[in-house]
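Asks: my_file.pdb is reproduced in full below (PDB, C-alpha atoms).
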ATOM      1  CA  MET U 739       0.000   0.000   0.000
ATOM      2  CA  LYS U 740       1.066   3.591  -0.587
ATOM      3  CA  SER U 741       2.934   5.020   2.388
ATOM      4  CA  ASN U 742       2.360   8.610   1.240
ATOM      5  CA  LEU U 743       1.559  10.921   4.131
ATOM      6  CA  VAL U 744      -1.939  12.370   3.862
ATOM      7  CA  ASN U 745      -3.316  15.543   5.372
ATOM      8  CA  LEU U 746      -6.512  15.607   7.389
ATOM      9  CA  VAL U 747      -9.599  16.424   5.344
ATOM     10  CA  ASN U 748     -11.883  19.171   6.649
ATOM     11  CA  THR U 749     -14.560  21.518   5.340
ATOM     12  CA  SER U 750     -11.984  24.109   4.261
ATOM     13  CA  ASN U 751      -9.876  21.802   2.070
ATOM     14  CA  LEU U 752     -12.708  19.636   0.715
ATOM     15  CA  LEU U 753     -14.509  20.332  -2.577
ATOM     16  CA  VAL U 754     -17.853  18.709  -3.408
ATOM     17  CA  LEU U 755     -17.982  18.027  -7.151
ATOM     18  CA  ILE U 756     -21.311  17.631  -8.944
ATOM     19  CA  PRO U 757     -21.108  16.555 -12.596
ATOM     20  CA  ALA U 758     -24.431  17.498 -14.207
ATOM     21  CA  PHE U 759     -25.859  16.759 -17.639
ATOM     22  CA  ASN U 760     -29.428  17.944 -18.293
ATOM     23  CA  GLU U 761     -30.361  17.861 -14.613
ATOM     24  CA  SER U 762     -32.487  21.028 -14.477
ATOM     25  CA  LEU U 763     -35.266  19.118 -12.701
ATOM     26  CA  ASN U 764     -33.009  18.128  -9.801
ATOM     27  CA  ILE U 765     -30.007  20.426  -9.452
ATOM     28  CA  GLU U 766     -31.759  23.101  -7.374
ATOM     29  CA  THR U 767     -33.016  20.537  -4.837
ATOM     30  CA  VAL U 768     -29.529  19.039  -4.474
ATOM     31  CA  LEU U 769     -27.873  22.441  -4.087
ATOM     32  CA  LYS U 770     -30.496  23.612  -1.589
ATOM     33  CA  GLU U 771     -29.736  20.638   0.660
ATOM     34  CA  LEU U 772     -25.997  21.203   0.273
ATOM     35  CA  SER U 773     -26.419  24.838   1.307
ATOM     36  CA  THR U 774     -27.277  23.699   4.852
ATOM     37  CA  TYR U 775     -23.665  22.537   5.203
ATOM     38  CA  LYS U 776     -20.423  24.527   4.928
ATOM     39  CA  TYR U 777     -18.924  22.665   1.990
ATOM     40  CA  ASN U 778     -17.128  24.201  -0.948
ATOM     41  CA  VAL U 779     -19.131  23.168  -4.016
ATOM     42  CA  LEU U 780     -18.470  23.106  -7.750
ATOM     43  CA  VAL U 781     -21.061  22.087 -10.343
ATOM     44  CA  ILE U 782     -19.614  20.832 -13.625
ATOM     45  CA  ASN U 783     -22.191  21.533 -16.324
ATOM     46  CA  ASP U 784     -21.332  18.828 -18.839
ATOM     47  CA  GLY U 785     -22.583  20.466 -22.038
ATOM     48  CA  SER U 786     -26.237  20.418 -20.953
ATOM     49  CA  SER U 787     -28.866  21.458 -23.494
ATOM     50  CA  ASP U 788     -31.377  22.463 -20.807
ATOM     51  CA  ASP U 789     -31.086  25.202 -18.159
ATOM     52  CA  THR U 790     -28.935  23.238 -15.708
ATOM     53  CA  TYR U 791     -26.290  25.980 -15.853
ATOM     54  CA  SER U 792     -28.611  28.885 -15.109
ATOM     55  CA  LYS U 793     -30.380  27.049 -12.299
ATOM     56  CA  ALA U 794     -27.076  26.153 -10.634
ATOM     57  CA  ARG U 795     -25.790  29.712 -10.967
ATOM     58  CA  GLY U 796     -29.095  30.940  -9.593
ATOM     59  CA  CYS U 797     -28.306  29.039  -6.405
ATOM     60  CA  GLY U 798     -25.113  31.068  -6.030
ATOM     61  CA  VAL U 799     -22.834  28.095  -6.664
ATOM     62  CA  PRO U 800     -19.712  28.205  -8.895
ATOM     63  CA  VAL U 801     -20.243  26.351 -12.171
ATOM     64  CA  LEU U 802     -17.579  24.998 -14.515
ATOM     65  CA  ASP U 803     -19.384  25.244 -17.853
ATOM     66  CA  LEU U 804     -18.080  22.722 -20.395
ATOM     67  CA  PRO U 805     -18.775  23.687 -24.034
ATOM     68  CA  TYR U 806     -19.835  20.172 -24.998
ATOM     69  CA  ASN U 807     -20.698  16.871 -23.338
ATOM     70  CA  LEU U 808     -17.614  14.930 -22.201
ATOM     71  CA  GLY U 809     -19.412  12.257 -20.197
ATOM     72  CA  VAL U 810     -19.042  11.737 -16.454
ATOM     73  CA  GLY U 811     -15.385  10.740 -16.655
ATOM     74  CA  GLY U 812     -14.379  13.773 -18.674
ATOM     75  CA  ALA U 813     -16.423  16.125 -16.512
ATOM     76  CA  LEU U 814     -14.882  14.686 -13.353
ATOM     77  CA  ARG U 815     -11.353  15.032 -14.693
ATOM     78  CA  ALA U 816     -12.041  18.724 -15.337
ATOM     79  CA  GLY U 817     -13.307  18.972 -11.765
ATOM     80  CA  PHE U 818     -10.246  17.161 -10.395
ATOM     81  CA  GLN U 819      -7.975  19.574 -12.245
ATOM     82  CA  HIS U 820      -9.868  22.531 -10.805
ATOM     83  CA  ALA U 821      -9.529  21.064  -7.298
ATOM     84  CA  VAL U 822      -5.782  20.479  -7.640
ATOM     85  CA  ARG U 823      -5.145  23.939  -9.129
ATOM     86  CA  ASN U 824      -6.996  25.544  -6.234
ATOM     87  CA  GLY U 825      -5.220  23.617  -3.494
ATOM     88  CA  PHE U 826      -7.975  21.296  -2.291
ATOM     89  CA  GLU U 827      -6.854  18.219  -0.397
ATOM     90  CA  ALA U 828      -9.838  16.064  -1.366
ATOM     91  CA  ILE U 829     -13.059  15.947  -3.327
ATOM     92  CA  VAL U 830     -16.372  14.260  -2.706
ATOM     93  CA  GLN U 831     -18.370  13.326  -5.786
ATOM     94  CA  ILE U 832     -22.153  13.394  -5.675
ATOM     95  CA  ASP U 833     -24.690  12.995  -8.464
ATOM     96  CA  ALA U 834     -26.866  15.894  -9.602
ATOM     97  CA  ASP U 835     -29.986  13.699  -9.652
ATOM     98  CA  GLY U 836     -30.380  13.439  -5.876
ATOM     99  CA  GLN U 837     -29.402   9.782  -5.545
ATOM    100  CA  HIS U 838     -26.491  10.357  -3.204
ATOM    101  CA  PRO U 839     -26.977  11.015   0.541
ATOM    102  CA  ILE U 840     -25.567  14.482   1.212
ATOM    103  CA  GLY U 841     -25.947  13.939   4.948
ATOM    104  CA  HIS U 842     -23.409  11.109   4.735
ATOM    105  CA  ILE U 843     -20.586  13.195   3.232
ATOM    106  CA  GLY U 844     -19.330  13.628   6.782
ATOM    107  CA  ASP U 845     -19.056   9.837   7.094
ATOM    108  CA  LEU U 846     -16.776   9.738   4.046
ATOM    109  CA  VAL U 847     -14.591  12.453   5.573
ATOM    110  CA  ARG U 848     -14.395  10.820   8.998
ATOM    111  CA  THR U 849     -13.512   7.460   7.483
ATOM    112  CA  ALA U 850     -10.801   8.993   5.308
ATOM    113  CA  ASN U 851      -9.222  10.638   8.342
ATOM    114  CA  GLU U 852      -9.530   7.572  10.569
ATOM    115  CA  THR U 853      -8.153   5.075   8.043
ATOM    116  CA  ASN U 854      -5.841   7.302   5.963
ATOM    117  CA  ALA U 855      -7.618   5.929   2.896
ATOM    118  CA  HIS U 856      -7.009   7.670  -0.410
ATOM    119  CA  LEU U 857     -10.454   6.653  -1.689
ATOM    120  CA  VAL U 858     -13.544   6.090   0.439
ATOM    121  CA  LEU U 859     -16.489   4.515  -1.336
ATOM    122  CA  GLY U 860     -20.140   4.694  -0.307
ATOM    123  CA  SER U 861     -21.848   1.341  -0.910
ATOM    124  CA  ARG U 862     -25.565   0.818  -1.501
ATOM    125  CA  PHE U 863     -25.156  -2.891  -0.708
ATOM    126  CA  LEU U 864     -23.247  -2.783   2.582
ATOM    127  CA  GLY U 865     -24.929  -3.479   5.908
ATOM    128  CA  GLN U 866     -28.203  -1.644   6.471
ATOM    129  CA  ALA U 867     -27.556   0.760   3.589
ATOM    130  CA  LYS U 868     -29.336  -1.444   1.030
ATOM    131  CA  SER U 869     -31.766   0.911  -0.638
ATOM    132  CA  MET U 870     -31.965   0.264  -4.390
ATOM    133  CA  GLU U 871     -33.604  -2.551  -6.288
ATOM    134  CA  LEU U 872     -31.638  -3.887  -9.253
ATOM    135  CA  GLY U 873     -32.464  -6.533 -11.835
ATOM    136  CA  LEU U 874     -31.034 -10.018 -11.395
ATOM    137  CA  ILE U 875     -28.638  -9.821 -14.365
ATOM    138  CA  ARG U 876     -27.275  -6.420 -13.432
ATOM    139  CA  ARG U 877     -26.919  -7.340  -9.764
ATOM    140  CA  SER U 878     -25.093 -10.576 -10.709
ATOM    141  CA  THR U 879     -22.634  -8.789 -12.997
ATOM    142  CA  MET U 880     -22.018  -6.165 -10.341
ATOM    143  CA  LYS U 881     -21.100  -8.917  -7.888
ATOM    144  CA  VAL U 882     -18.461 -10.156 -10.332
ATOM    145  CA  LEU U 883     -17.087  -6.621 -10.672
ATOM    146  CA  ALA U 884     -17.051  -6.261  -6.891
ATOM    147  CA  ARG U 885     -15.015  -9.456  -6.480
ATOM    148  CA  SER U 886     -12.533  -8.189  -9.048
ATOM    149  CA  ALA U 887     -12.279  -4.816  -7.293
ATOM    150  CA  SER U 888     -11.811  -6.544  -3.930
ATOM    151  CA  LYS U 889      -8.871  -8.478  -5.334
ATOM    152  CA  ALA U 890      -7.296  -5.357  -6.845
ATOM    153  CA  THR U 891      -7.689  -3.206  -3.729
ATOM    154  CA  GLY U 892      -6.960  -5.838  -1.118
ATOM    155  CA  THR U 893     -10.158  -5.008   0.774
ATOM    156  CA  LYS U 894     -13.772  -6.140   0.649
ATOM    157  CA  ILE U 895     -15.702  -4.147  -1.960
ATOM    158  CA  THR U 896     -19.454  -4.596  -2.453
ATOM    159  CA  ASP U 897     -20.294  -1.678  -4.768
ATOM    160  CA  SER U 898     -17.522  -1.100  -7.298
ATOM    161  CA  THR U 899     -19.692   1.122  -9.529
ATOM    162  CA  SER U 900     -20.713   3.603  -6.847
ATOM    163  CA  GLY U 901     -20.092   7.248  -7.696
ATOM    164  CA  PHE U 902     -20.577   8.456  -4.120
ATOM    165  CA  ARG U 903     -16.995   8.695  -2.898
ATOM    166  CA  LEU U 904     -14.168  10.744  -1.477
ATOM    167  CA  ILE U 905     -10.845  10.962  -3.311
ATOM    168  CA  ARG U 906      -7.858  12.650  -1.700
ATOM    169  CA  ASN U 907      -4.273  13.482  -2.585
ATOM    170  CA  PRO U 908      -2.042  12.072  -3.906
ATOM    171  CA  LEU U 909      -4.627   9.929  -5.739
ATOM    172  CA  LEU U 910      -6.620  13.053  -6.615
ATOM    173  CA  GLU U 911      -3.586  14.517  -8.370
ATOM    174  CA  LYS U 912      -3.032  11.249 -10.242
ATOM    175  CA  PHE U 913      -6.652  11.178 -11.446
ATOM    176  CA  SER U 914      -6.441  14.826 -12.539
ATOM    177  CA  LEU U 915      -3.793  13.764 -15.037
ATOM    178  CA  ASN U 916      -5.184  10.437 -16.193
ATOM    179  CA  PHE U 917      -8.809   9.399 -15.742
ATOM    180  CA  ALA U 918     -10.918   7.128 -17.944
ATOM    181  CA  SER U 919     -14.000   8.584 -19.619
ATOM    182  CA  ASN U 920     -15.630   5.396 -20.916
ATOM    183  CA  TYR U 921     -18.637   3.728 -19.249
ATOM    184  CA  LEU U 922     -17.534   2.318 -15.851
ATOM    185  CA  GLY U 923     -14.122   3.876 -16.456
ATOM    186  CA  ASP U 924     -14.895   6.573 -13.896
ATOM    187  CA  THR U 925     -16.039   4.055 -11.261
ATOM    188  CA  TYR U 926     -14.996   0.412 -11.571
ATOM    189  CA  GLU U 927     -11.847   0.976 -13.652
ATOM    190  CA  ALA U 928     -10.765   3.905 -11.478
ATOM    191  CA  LEU U 929     -11.123   1.689  -8.407
ATOM    192  CA  ILE U 930      -9.056  -1.049 -10.042
ATOM    193  CA  ALA U 931      -6.378   1.466 -11.059
ATOM    194  CA  ALA U 932      -6.199   2.900  -7.538
ATOM    195  CA  GLY U 933      -5.883  -0.535  -5.952
ATOM    196  CA  ARG U 934      -3.266  -1.823  -8.373
ATOM    197  CA  SER U 935      -1.213   1.337  -7.835
ATOM    198  CA  GLY U 936      -1.154   0.702  -4.098
ATOM    199  CA  TYR U 937      -3.560   3.400  -2.940
ATOM    200  CA  ARG U 938      -5.631   2.654   0.141
ATOM    201  CA  VAL U 939      -9.347   2.077  -0.442
ATOM    202  CA  HIS U 940     -12.099   1.798   2.161
ATOM    203  CA  GLU U 941     -15.838   1.213   1.813
ATOM    204  CA  ILE U 942     -18.687   2.353   4.066
ATOM    205  CA  PRO U 943     -22.497   1.955   3.947
ATOM    206  CA  ALA U 944     -24.418   4.697   2.132
ATOM    207  CA  PRO U 945     -28.197   4.813   1.517
ATOM    208  CA  ILE U 946     -28.201   5.570  -2.208
ATOM    209  CA  THR U 947     -31.698   5.972  -3.635
ATOM    210  CA  ASP U 948     -33.450   6.355  -6.982
ATOM    211  CA  ARG U 949     -33.134   9.685  -8.821
ATOM    212  CA  LEU U 950     -35.502  12.470  -7.776
ATOM    213  CA  ASN U 951     -36.970  13.328 -11.195
ATOM    214  CA  GLY U 952     -36.468  12.498 -14.845
ATOM    215  CA  VAL U 953     -34.897   9.529 -16.575
ATOM    216  CA  SER U 954     -31.246   8.545 -16.559
ATOM    217  CA  SER U 955     -29.319   9.150 -19.788
ATOM    218  CA  SER U 956     -28.336   5.474 -19.635
ATOM    219  CA  SER U 957     -31.313   3.085 -19.647
ATOM    220  CA  THR U 958     -31.365  -0.063 -17.529
ATOM    221  CA  LEU U 959     -30.978  -2.248 -20.620
ATOM    222  CA  LYS U 960     -28.133  -0.147 -21.978
ATOM    223  CA  SER U 961     -26.271   0.018 -18.670
ATOM    224  CA  THR U 962     -26.661  -3.728 -18.146
ATOM    225  CA  GLY U 963     -25.267  -4.395 -21.634
ATOM    226  CA  GLN U 964     -22.321  -2.061 -21.054
ATOM    227  CA  THR U 965     -21.630  -3.673 -17.700
ATOM    228  CA  LEU U 966     -21.549  -7.106 -19.330
ATOM    229  CA  LYS U 967     -18.875  -5.868 -21.740
ATOM    230  CA  VAL U 968     -16.342  -5.413 -18.948
ATOM    231  CA  LEU U 969     -16.889  -8.865 -17.451
ATOM    232  CA  PRO U 970     -14.061 -10.510 -19.467
ATOM    233  CA  VAL U 971     -11.630  -8.036 -17.893
ATOM    234  CA  ALA U 972     -13.072  -8.582 -14.403
ATOM    235  CA  LEU U 973     -12.734 -12.364 -14.744
ATOM    236  CA  LEU U 974      -9.016 -12.213 -15.544
TER     237      LEU U 974
END
Can you dump the structure from the file as structure tokens?

Replies:
Amino acid sequence: MKSNLVNLVNTSNLLVLIPAFNESLNIETVLKELSTYKYNVLVINDGSSDDTYSKARGCGVPVLDLPYNLGVGGALRAGFQHAVRNGFEAIVQIDADGQHPIGHIGDLVRTANETNAHLVLGSRFLGQAKSMELGLIRRSTMKVLARSASKATGTKITDSTSGFRLIRNPLLEKFSLNFASNYLGDTYEALIAAGRSGYRVHEIPAPITDRLNGVSSSSTLKSTGQTLKVLPVALL
């Protein structure tokens, strides 16, 4: 495991990143809840064609406005670069659709400080956090991915595709330079890369729920098919 010294994460050196693509129905609700905390926040408007940008700006939150859609991985890399340039020690990623439990960001921070983990993952399948219903095929493939991620990281992983997570330096700096933008590249593959590079990974329960409004840009059938495509790699 990496022996790099890590600094304590606190509200002053933590940046909450919110990649958002056509989330005008949800972004104000998410930002309103976040406003009850003292977090630094950055919305990354990923080339939205709706009024996601104006609604986020209307909430008084900084917005990194990308000229065209890069996908979650590309949007996150832009956010990571912003965080590193501005001296943040860590980021927490949350979705703009309201699925991620903002009240549990503190749990990610506490765990990072207690375990010195470089990446702390919030799992929807761990302990009492189980909160989402998934189809049999998708759940089965995700179990295979989780076993692969557990092997790579040297710790038990139950939710390798979760996007609710904390990433701190020096892993944050590494991801700002090289971060996959393909489907599952920003979650599963990033987890594998972190583990194989010797970074410390820890997982905690997190009650992740269904999106507040609207339909995901990736349908259940499409996401299941894309997940199946990475199985040959996971089974190696």

Asks: Decode the PyMOL selection byres ((chain U and resi 905-911) around 6) for the given file into explicit residues and return them as a PyMOL selection string.

Replies: chain U and resi 827-829+856-857+904+912-914

Asks: Report, in Å to a single decimal, how far apart atom CA of Ala887 of chain U and atom CA of Gly865 of chain U are.

Replies: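 We find that atom CA of Gly865 of chain U and atom CA of Ala887 of chain U lie 18.3 Å from each other.
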
Asks: Atom CA of Asp948 of chain U and atom CA of Ala850 of chain U, how far apart in Å?

Replies: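 Separation of atom CA of Ala850 of chain U and atom CA of Asp948 of chain U: 25.9 Å.
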
Asks: Which residue is closest to Lys770 of chain U? Choose from U:Ile782, U:Val799, U:Val830, U:Tyr791 and count all atoms listed in the file.

Replies: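 Result for the nearest residue to Lys770 of chain U: U:Val799.
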
Asks: With all atoms listed in the file as the atoms that count, which of U:Val953, U:Val801, U:Val858, U:Ile946 lies nearest to Ala932 of chain U?

Replies: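 Closest to Ala932 of chain U of all the choices is U:Val858.
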
Asks: Starting from the block above, write segment 748-780 of chain U out to a file with N, CA, C and O atoms, as a compact mmCIF listing (two decimals), in the first residue's frame, please.

Replies:
# COMPACT_ATOMS: atom_id res chain seq x y z
N ASN U 748 -10.91 18.39 5.89
CA ASN U 748 -11.88 19.17 6.65
C ASN U 748 -12.71 20.01 5.68
O ASN U 748 -12.50 19.97 4.47
N THR U 749 -13.65 20.77 6.21
CA THR U 749 -14.56 21.52 5.34
C THR U 749 -13.85 22.59 4.53
O THR U 749 -14.34 22.99 3.47
N SER U 750 -12.68 23.05 4.99
CA SER U 750 -11.98 24.11 4.26
C SER U 750 -11.16 23.58 3.09
O SER U 750 -10.93 24.31 2.12
N ASN U 751 -10.71 22.33 3.16
CA ASN U 751 -9.88 21.80 2.07
C ASN U 751 -10.58 20.70 1.27
O ASN U 751 -9.94 19.97 0.52
N LEU U 752 -11.90 20.62 1.43
CA LEU U 752 -12.71 19.64 0.72
C LEU U 752 -13.58 20.34 -0.32
O LEU U 752 -14.18 21.38 -0.03
N LEU U 753 -13.65 19.79 -1.52
CA LEU U 753 -14.51 20.33 -2.58
C LEU U 753 -15.52 19.27 -2.99
O LEU U 753 -15.14 18.15 -3.34
N VAL U 754 -16.79 19.61 -2.94
CA VAL U 754 -17.85 18.71 -3.41
C VAL U 754 -18.06 18.96 -4.90
O VAL U 754 -18.41 20.08 -5.30
N LEU U 755 -17.83 17.94 -5.70
CA LEU U 755 -17.98 18.03 -7.15
C LEU U 755 -19.31 17.41 -7.57
O LEU U 755 -19.65 16.30 -7.15
N ILE U 756 -20.03 18.13 -8.45
CA ILE U 756 -21.31 17.63 -8.94
C ILE U 756 -21.33 17.68 -10.47
O ILE U 756 -21.63 18.72 -11.06
N PRO U 757 -20.97 16.58 -11.14
CA PRO U 757 -21.11 16.56 -12.60
C PRO U 757 -22.59 16.52 -12.96
O PRO U 757 -23.36 15.76 -12.39
N ALA U 758 -23.00 17.38 -13.90
CA ALA U 758 -24.43 17.50 -14.21
C ALA U 758 -24.66 17.61 -15.70
O ALA U 758 -24.10 18.49 -16.36
N PHE U 759 -25.47 16.71 -16.23
CA PHE U 759 -25.86 16.76 -17.64
C PHE U 759 -27.38 16.72 -17.73
O PHE U 759 -28.01 15.72 -17.38
N ASN U 760 -27.97 17.83 -18.16
CA ASN U 760 -29.43 17.94 -18.29
C ASN U 760 -30.16 17.53 -17.01
O ASN U 760 -31.05 16.69 -17.03
N GLU U 761 -29.76 18.16 -15.92
CA GLU U 761 -30.36 17.86 -14.61
C GLU U 761 -31.11 19.07 -14.06
O GLU U 761 -31.11 19.32 -12.85
N SER U 762 -31.78 19.83 -14.93
CA SER U 762 -32.49 21.03 -14.48
C SER U 762 -33.63 20.71 -13.51
O SER U 762 -34.02 21.56 -12.71
N LEU U 763 -34.16 19.49 -13.58
CA LEU U 763 -35.27 19.12 -12.70
C LEU U 763 -34.80 18.85 -11.27
O LEU U 763 -35.62 18.87 -10.34
N ASN U 764 -33.50 18.58 -11.10
CA ASN U 764 -33.01 18.13 -9.80
C ASN U 764 -31.95 19.01 -9.16
O ASN U 764 -31.78 18.99 -7.94
N ILE U 765 -31.20 19.76 -9.97
CA ILE U 765 -30.01 20.43 -9.45
C ILE U 765 -30.32 21.42 -8.34
O ILE U 765 -29.57 21.53 -7.36
N GLU U 766 -31.43 22.13 -8.42
CA GLU U 766 -31.76 23.10 -7.37
C GLU U 766 -32.04 22.42 -6.04
O GLU U 766 -31.62 22.91 -4.99
N THR U 767 -32.73 21.28 -6.08
CA THR U 767 -33.02 20.54 -4.84
C THR U 767 -31.73 20.06 -4.18
O THR U 767 -31.56 20.16 -2.96
N VAL U 768 -30.81 19.53 -4.99
CA VAL U 768 -29.53 19.04 -4.47
C VAL U 768 -28.73 20.19 -3.86
O VAL U 768 -28.19 20.08 -2.75
N LEU U 769 -28.66 21.31 -4.58
CA LEU U 769 -27.87 22.44 -4.09
C LEU U 769 -28.50 23.08 -2.85
O LEU U 769 -27.79 23.57 -1.97
N LYS U 770 -29.83 23.07 -2.77
CA LYS U 770 -30.50 23.61 -1.59
C LYS U 770 -30.14 22.80 -0.36
O LYS U 770 -29.87 23.37 0.71
N GLU U 771 -30.12 21.47 -0.49
CA GLU U 771 -29.74 20.64 0.66
C GLU U 771 -28.28 20.86 1.03
O GLU U 771 -27.92 20.94 2.21
N LEU U 772 -27.42 20.97 0.01
CA LEU U 772 -26.00 21.20 0.27
C LEU U 772 -25.76 22.52 0.99
O LEU U 772 -24.80 22.65 1.77
N SER U 773 -26.61 23.51 0.73
CA SER U 773 -26.42 24.84 1.31
C SER U 773 -26.56 24.84 2.83
O SER U 773 -26.15 25.80 3.49
N THR U 774 -27.14 23.78 3.40
CA THR U 774 -27.28 23.70 4.85
C THR U 774 -25.97 23.28 5.52
O THR U 774 -25.87 23.29 6.74
N TYR U 775 -24.98 22.90 4.70
CA TYR U 775 -23.66 22.54 5.20
C TYR U 775 -22.66 23.62 4.78
O TYR U 775 -23.00 24.52 4.03
N LYS U 776 -21.43 23.51 5.25
CA LYS U 776 -20.42 24.53 4.93
C LYS U 776 -19.39 24.00 3.94
O LYS U 776 -18.20 24.32 4.03
N TYR U 777 -19.85 23.23 2.96
CA TYR U 777 -18.92 22.66 1.99
C TYR U 777 -18.65 23.64 0.84
O TYR U 777 -19.52 24.42 0.45
N ASN U 778 -17.44 23.56 0.32
CA ASN U 778 -17.13 24.20 -0.95
C ASN U 778 -17.72 23.32 -2.04
O ASN U 778 -17.56 22.10 -2.02
N VAL U 779 -18.41 23.94 -3.00
CA VAL U 779 -19.13 23.17 -4.02
C VAL U 779 -18.78 23.68 -5.41
O VAL U 779 -18.61 24.89 -5.62
N LEU U 780 -18.65 22.75 -6.35
CA LEU U 780 -18.47 23.11 -7.75
C LEU U 780 -19.37 22.22 -8.60
O LEU U 780 -19.27 20.99 -8.54
